[in-house]
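Colleague: Just passing along the structure, written as structure tokens.
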Amino acid sequence: MILRHQTRKHLLLATALMLCLSPLTAQAESAAGAYLAAVVASSESDYAASIEWSTRALADDPKNPALLESLVLANIGVGDMPAAAKYAQELTATGSKSQTATIVLIADAAKKGDFEAILKLGANGSSAGAVLDSLVKGWAKLGLGRMSEATADFDTLAKTKGLEAFGLYHKALALASAGDFEGADAILSGREAGTLAVNRRGAIAQIEILSQLERNADAISFIDRSFVPGRDLQIDEMRRRLVAGEPLPFSIARNATDGIAEVFYTIATAVNGDAAPAYTMQHSRAAAYLRPDNAEAILLTANLLEQQKQYDLAVAAYATIQPSDPAFYIAEIGRAEATAAAGRADASLEILQTLARSHPDQIAVQTALGDGLRRASKFADAKAAYDAAIALLPSPPTPDSWALFYSRGVSLERSGDFKAADADLRQALVLNPEEPQVLNYLGYSLVDRGQNLDEALGMIQRAVAARPDSGAILDSLAWAYFRLGRYAEALAPMEHASLLEPVDPVVTDHLGDVYWSVGRTREAEYQWHRALSYNPDEKDAERIRRKLDQGLDAVREAEGAKPIKPADTANGN
């Protein structure tokens, strides 16, 4: 028999707990229970639990490669790189080859400035991945003063099809770290080997290199071509200093240790989104360990932890970015979101409210506060935060500002200020005419109020055309047909919406209403019972209970609406 993955994990955990907690089990059974619990914790990326259970199991089997590997990865997960290095050394001593252990040992040696140890790892057959091995080897040789050998290693990679950018970028950084800014600029500018695409840190490196070459004007022009003013506080500050005539120091790779940190960050960004989050995090953690001031590596690590549902660890990672860092407000928004995801909504709002007081002129901060307040159903307060964000927009607002007007419109609609809500939602459509989220919300709002039903239906149909597999939008379409009295037409989209949103109380409640309207009263009652089981709002739940007790017609009549006479399914009248 084949067990579903989730069921298998639950059985493993139950078995582990029985083995560990029963006073009648023998020591060997306890060790087996700890091992099974460690397997479960590792499979769920529960790094703290993995450390606890793997450590227990290791006490009875201190050279077990699987347990040692698990402890390496788990300590990376919690951000304890020295502990990860300890277990990586023990794992290597067993004769096992582990890419994860090699990553940690390279980072540990680079932190200590032991570049010979890094070269020995490669000579002994340890590998952290072909590209990373090549780049790290080059930087280790540079750290030992063997510059010509280092550049030769980077050149070899730069001549490898598909990997040219890795070799060229790190060669440029290596040259700059040694003071050869002309050589670095020749690569980054594209004069040496053609246009080189770089990430944000690569752009910062190029700006700093131009400044070191006493070409501040060119650096300013580069910023103006590459960045939007007001969107990146660090870049804005760099531009201010350049305009003032200040030389910017080269900071991206000041030495070989920095260079190896940049290798880890380069690989992390290259594989992010394609590789498993835990794999990418090995590299981003190593980058941040070697360069604690690399806010981008920390932000990436925190995001990867969120993807793994390790919200408390993500909160801790975000908190390592200092208030003096230009990325602090971004980290605080992330910390608030991770705190909310961990189930601490009030604490999340406190973070955002404090941030809004310290960074009142940041659109992203006011928007995040508005979003948090809206999620907490504090719609009047959310509207005030969105007011502050919209006041910071350029005049006229740019098309990408549609989301702010949409969010304020939602808050106004939920507050009952329908006239102002419609104005904001229509402004969002002026900025982005075919945005399905706005078309659906405004269309549904109009339908729900019984206003402009033909226009509302047209909006929802456009939204469905853009997102035909959205259960929420199909529900809106069915509900528009229902409110127009076109009950038979409502049936197919309503059933499709229910398949896409099988446990949504509103969709399920609507399905019951549609079934009632076409004469399928028993099925309607079944769907209303289902809707009650999905924890609807109390107001909706009370109405559903009245429908079950009295029928939809009686409820509608009591509300002053025209009763629906259940029609025969065959004719749908």
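Note on naming: chains are A, B, ... as they come in the structure tokens, residues start from 1 per chain, ligands start from 1 in the order shown.
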Skip Glu455 of chain A itself and residues of its chain fewer than 4 positions away, then list as a ChimeraX atom specification all residues within 9 Å of it, counting only C-alpha atoms.

Modeller: /A:443,446,451,459-460

Colleague: Those same residues, written as a PDB file, in the first residue's frame with C-alpha atoms?

Modeller:
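File out-v6.pdb, as written:
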ATOM      1  CA  GLY A 443     -18.033  44.672 -10.459  1.00  0.00           C
ATOM      2  CA  LEU A 446     -21.897  46.991  -7.741  1.00  0.00           C
ATOM      3  CA  GLN A 451     -26.327  49.013  -8.956  1.00  0.00           C
ATOM      4  CA  MET A 459     -16.430  44.300 -15.779  1.00  0.00           C
ATOM      5  CA  ILE A 460     -16.588  40.841 -14.280  1.00  0.00           C
TER       6      ILE A 460
END

Colleague: Do you know which residues are at most 12 Å from Arg556 of chain A counting only C-alpha atoms, after dropping those on the same chain fewer than 3 positions away, and could you put them as a short mmCIF file (atom, residue, chain, number, x, y, z; two decimals) with N, CA and C atoms, in the first residue's frame?

Modeller:
data_model
loop_
_atom_site.label_atom_id
_atom_site.label_comp_id
_atom_site.auth_asym_id
_atom_site.auth_seq_id
_atom_site.Cartn_x
_atom_site.Cartn_y
_atom_site.Cartn_z
N ASP A 513 -27.34 29.10 -2.86
CA ASP A 513 -28.37 30.01 -3.36
C ASP A 513 -28.69 29.73 -4.83
N ARG A 543 -27.34 34.28 8.77
CA ARG A 543 -28.22 34.30 7.61
C ARG A 543 -28.35 32.89 7.01
N ILE A 544 -27.24 32.15 6.97
CA ILE A 544 -27.29 30.77 6.44
C ILE A 544 -28.19 29.91 7.31
N ARG A 546 -30.75 30.88 9.02
CA ARG A 546 -32.14 31.24 8.73
C ARG A 546 -32.59 30.61 7.40
N LYS A 547 -31.68 30.56 6.42
CA LYS A 547 -32.03 29.92 5.15
C LYS A 547 -32.33 28.44 5.35
N GLN A 550 -35.81 28.40 7.22
CA GLN A 550 -37.00 28.96 6.58
C GLN A 550 -37.01 28.84 5.06
N GLY A 551 -35.81 28.64 4.46
CA GLY A 551 -35.70 28.66 3.00
C GLY A 551 -35.26 30.04 2.51
N LEU A 552 -34.65 30.07 1.34
CA LEU A 552 -34.11 31.32 0.82
C LEU A 552 -35.22 32.33 0.53
N ASP A 553 -36.36 31.87 0.03
CA ASP A 553 -37.44 32.80 -0.31
C ASP A 553 -37.89 33.59 0.90
N GLU A 559 -36.07 40.39 4.09
CA GLU A 559 -35.08 41.44 3.83
C GLU A 559 -35.60 42.49 2.85
N GLY A 560 -36.83 42.28 2.37
CA GLY A 560 -37.42 43.23 1.44
C GLY A 560 -37.07 42.96 -0.01
N ALA A 561 -36.47 41.81 -0.29
CA ALA A 561 -36.11 41.44 -1.66
C ALA A 561 -37.19 40.54 -2.25
N LYS A 562 -37.20 40.47 -3.53
CA LYS A 562 -38.17 39.65 -4.23
C LYS A 562 -37.84 38.17 -4.02
N PRO A 563 -38.80 37.37 -3.56
CA PRO A 563 -38.53 35.95 -3.37
C PRO A 563 -38.21 35.25 -4.70
N ILE A 564 -37.45 34.18 -4.60
CA ILE A 564 -37.16 33.36 -5.77
C ILE A 564 -38.06 32.15 -5.71
N LYS A 565 -38.79 31.93 -6.76
CA LYS A 565 -39.61 30.73 -6.83
C LYS A 565 -38.75 29.63 -7.44
#

Colleague: When you count only C-alpha atoms, which of these residues is closest to Lys137 of chain A: A:Ala49, A:Ile260, A:Leu196, A:Leu242?

Modeller: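 Smallest distance to Lys137 of chain A is found for A:Ile260.
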
Colleague: What lies within 12 Å of Arg241 of chain A using only C-alpha atoms, ignoring chain neighbours under 4 positions off, as a count of residues only?

Modeller: 16

Colleague: Mind checking DSSP for segment 131-301 of chain A and telling me the alpha helix (DSSP H) residues as an MDAnalysis selection string?

Modeller: chainID A and resid 131:143 147:158 164:177 181:188 200:212 216:226 233:243 256:271 277:290 295:301

Colleague: Those residues you just picked out, can you put them in a file as a short mmCIF file (atom, residue, chain, number, x, y, z; two decimals), in the first residue's frame with C-alpha atoms?

Modeller:
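Written output follows (out16.cif):
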data_model
loop_
_atom_site.label_atom_id
_atom_site.label_comp_id
_atom_site.auth_asym_id
_atom_site.auth_seq_id
_atom_site.Cartn_x
_atom_site.Cartn_y
_atom_site.Cartn_z
CA VAL A 131 30.87 27.15 -10.57
CA LEU A 132 31.26 27.95 -6.89
CA ASP A 133 34.41 25.81 -6.69
CA SER A 134 36.03 27.70 -9.57
CA LEU A 135 35.16 31.14 -8.25
CA VAL A 136 36.18 30.38 -4.69
CA LYS A 137 39.48 28.92 -5.86
CA GLY A 138 40.25 32.16 -7.69
CA TRP A 139 39.47 34.30 -4.66
CA ALA A 140 41.45 32.00 -2.33
CA LYS A 141 44.51 32.40 -4.56
CA LEU A 142 44.02 36.16 -4.54
CA GLY A 143 43.91 35.98 -0.73
CA MET A 147 46.92 37.41 -8.35
CA SER A 148 47.94 36.14 -11.78
CA GLU A 149 46.75 32.62 -10.94
CA ALA A 150 43.49 34.05 -9.59
CA THR A 151 42.72 36.01 -12.75
CA ALA A 152 43.62 32.95 -14.83
CA ASP A 153 40.99 30.94 -12.92
CA PHE A 154 38.38 33.64 -13.55
CA ASP A 155 39.38 33.75 -17.22
CA THR A 156 38.90 30.00 -17.53
CA LEU A 157 35.34 30.31 -16.26
CA ALA A 158 34.76 33.37 -18.46
CA GLU A 164 30.91 33.76 -19.00
CA ALA A 165 29.15 36.30 -16.78
CA PHE A 166 30.24 34.56 -13.57
CA GLY A 167 33.91 34.61 -14.51
CA LEU A 168 33.90 38.16 -15.88
CA TYR A 169 32.01 39.67 -12.96
CA HIS A 170 34.27 38.15 -10.34
CA LYS A 171 37.37 38.98 -12.30
CA ALA A 172 36.21 42.61 -12.32
CA LEU A 173 35.66 42.55 -8.57
CA ALA A 174 39.04 40.91 -8.01
CA LEU A 175 40.81 43.57 -10.10
CA ALA A 176 38.99 46.34 -8.22
CA SER A 177 39.89 44.80 -4.86
CA PHE A 181 39.87 50.05 -11.31
CA GLU A 182 40.64 50.63 -14.99
CA GLY A 183 40.68 46.90 -15.63
CA ALA A 184 37.50 46.40 -13.61
CA ASP A 185 35.72 49.17 -15.50
CA ALA A 186 36.76 47.71 -18.84
CA ILE A 187 34.89 44.52 -17.93
CA LEU A 188 31.82 46.03 -16.29
CA ARG A 200 22.01 45.46 -7.95
CA ARG A 201 25.27 44.84 -6.09
CA GLY A 202 27.05 44.66 -9.42
CA ALA A 203 25.57 48.05 -10.31
CA ILE A 204 26.81 49.46 -7.00
CA ALA A 205 30.27 48.06 -7.75
CA GLN A 206 30.28 49.82 -11.11
CA ILE A 207 29.21 53.13 -9.53
CA GLU A 208 31.94 52.88 -6.90
CA ILE A 209 34.56 51.95 -9.51
CA LEU A 210 33.65 54.97 -11.64
CA SER A 211 33.96 57.18 -8.58
CA GLN A 212 37.37 55.71 -7.77
CA ASN A 216 31.63 60.99 -10.61
CA ALA A 217 29.67 62.53 -13.49
CA ASP A 218 29.63 59.17 -15.30
CA ALA A 219 28.59 57.46 -12.07
CA ILE A 220 25.69 59.90 -11.69
CA SER A 221 24.62 59.28 -15.28
CA PHE A 222 24.75 55.53 -14.66
CA ILE A 223 22.49 55.94 -11.61
CA ASP A 224 20.03 58.09 -13.54
CA ARG A 225 19.82 55.48 -16.31
CA SER A 226 19.47 52.52 -13.97
CA LEU A 233 17.61 55.00 -0.22
CA GLN A 234 21.17 53.69 -0.57
CA ILE A 235 21.36 54.66 -4.23
CA ASP A 236 19.84 58.07 -3.47
CA GLU A 237 22.49 58.66 -0.81
CA MET A 238 25.27 57.56 -3.18
CA ARG A 239 24.01 60.00 -5.79
CA ARG A 240 23.91 62.82 -3.24
CA ARG A 241 27.52 62.16 -2.28
CA LEU A 242 28.61 61.96 -5.92
CA VAL A 243 26.93 65.29 -6.70
CA ALA A 256 39.34 37.86 -0.69
CA THR A 257 36.93 37.10 2.16
CA ASP A 258 34.51 39.68 0.76
CA GLY A 259 35.02 38.16 -2.67
CA ILE A 260 34.06 34.69 -1.43
CA ALA A 261 31.02 36.21 0.29
CA GLU A 262 30.07 37.70 -3.06
CA VAL A 263 30.47 34.29 -4.70
CA PHE A 264 27.93 32.82 -2.30
CA TYR A 265 25.54 35.70 -2.94
CA THR A 266 26.02 35.41 -6.71
CA ILE A 267 25.10 31.72 -6.62
CA ALA A 268 22.15 32.35 -4.29
CA THR A 269 20.62 34.90 -6.65
CA ALA A 270 21.35 32.74 -9.68
CA VAL A 271 19.49 29.69 -8.32
CA PRO A 277 14.60 27.24 -0.79
CA ALA A 278 16.79 25.25 1.63
CA TYR A 279 19.50 24.89 -1.01
CA THR A 280 19.45 28.56 -1.95
CA MET A 281 19.52 29.47 1.75
CA GLN A 282 22.80 27.61 2.28
CA HIS A 283 24.44 30.15 -0.01
CA SER A 284 22.61 33.25 1.25
CA ARG A 285 23.40 32.34 4.87
CA ALA A 286 27.08 31.90 3.98
CA ALA A 287 27.10 35.27 2.20
CA ALA A 288 25.57 37.04 5.20
CA TYR A 289 27.91 35.23 7.61
CA LEU A 290 30.95 36.57 5.76
CA ALA A 295 21.39 43.45 3.65
CA GLU A 296 20.37 41.86 0.38
CA ALA A 297 21.70 38.47 1.49
CA ILE A 298 19.84 38.82 4.80
CA LEU A 299 16.59 39.81 3.09
CA LEU A 300 16.90 36.87 0.72
CA THR A 301 17.55 34.50 3.64
#
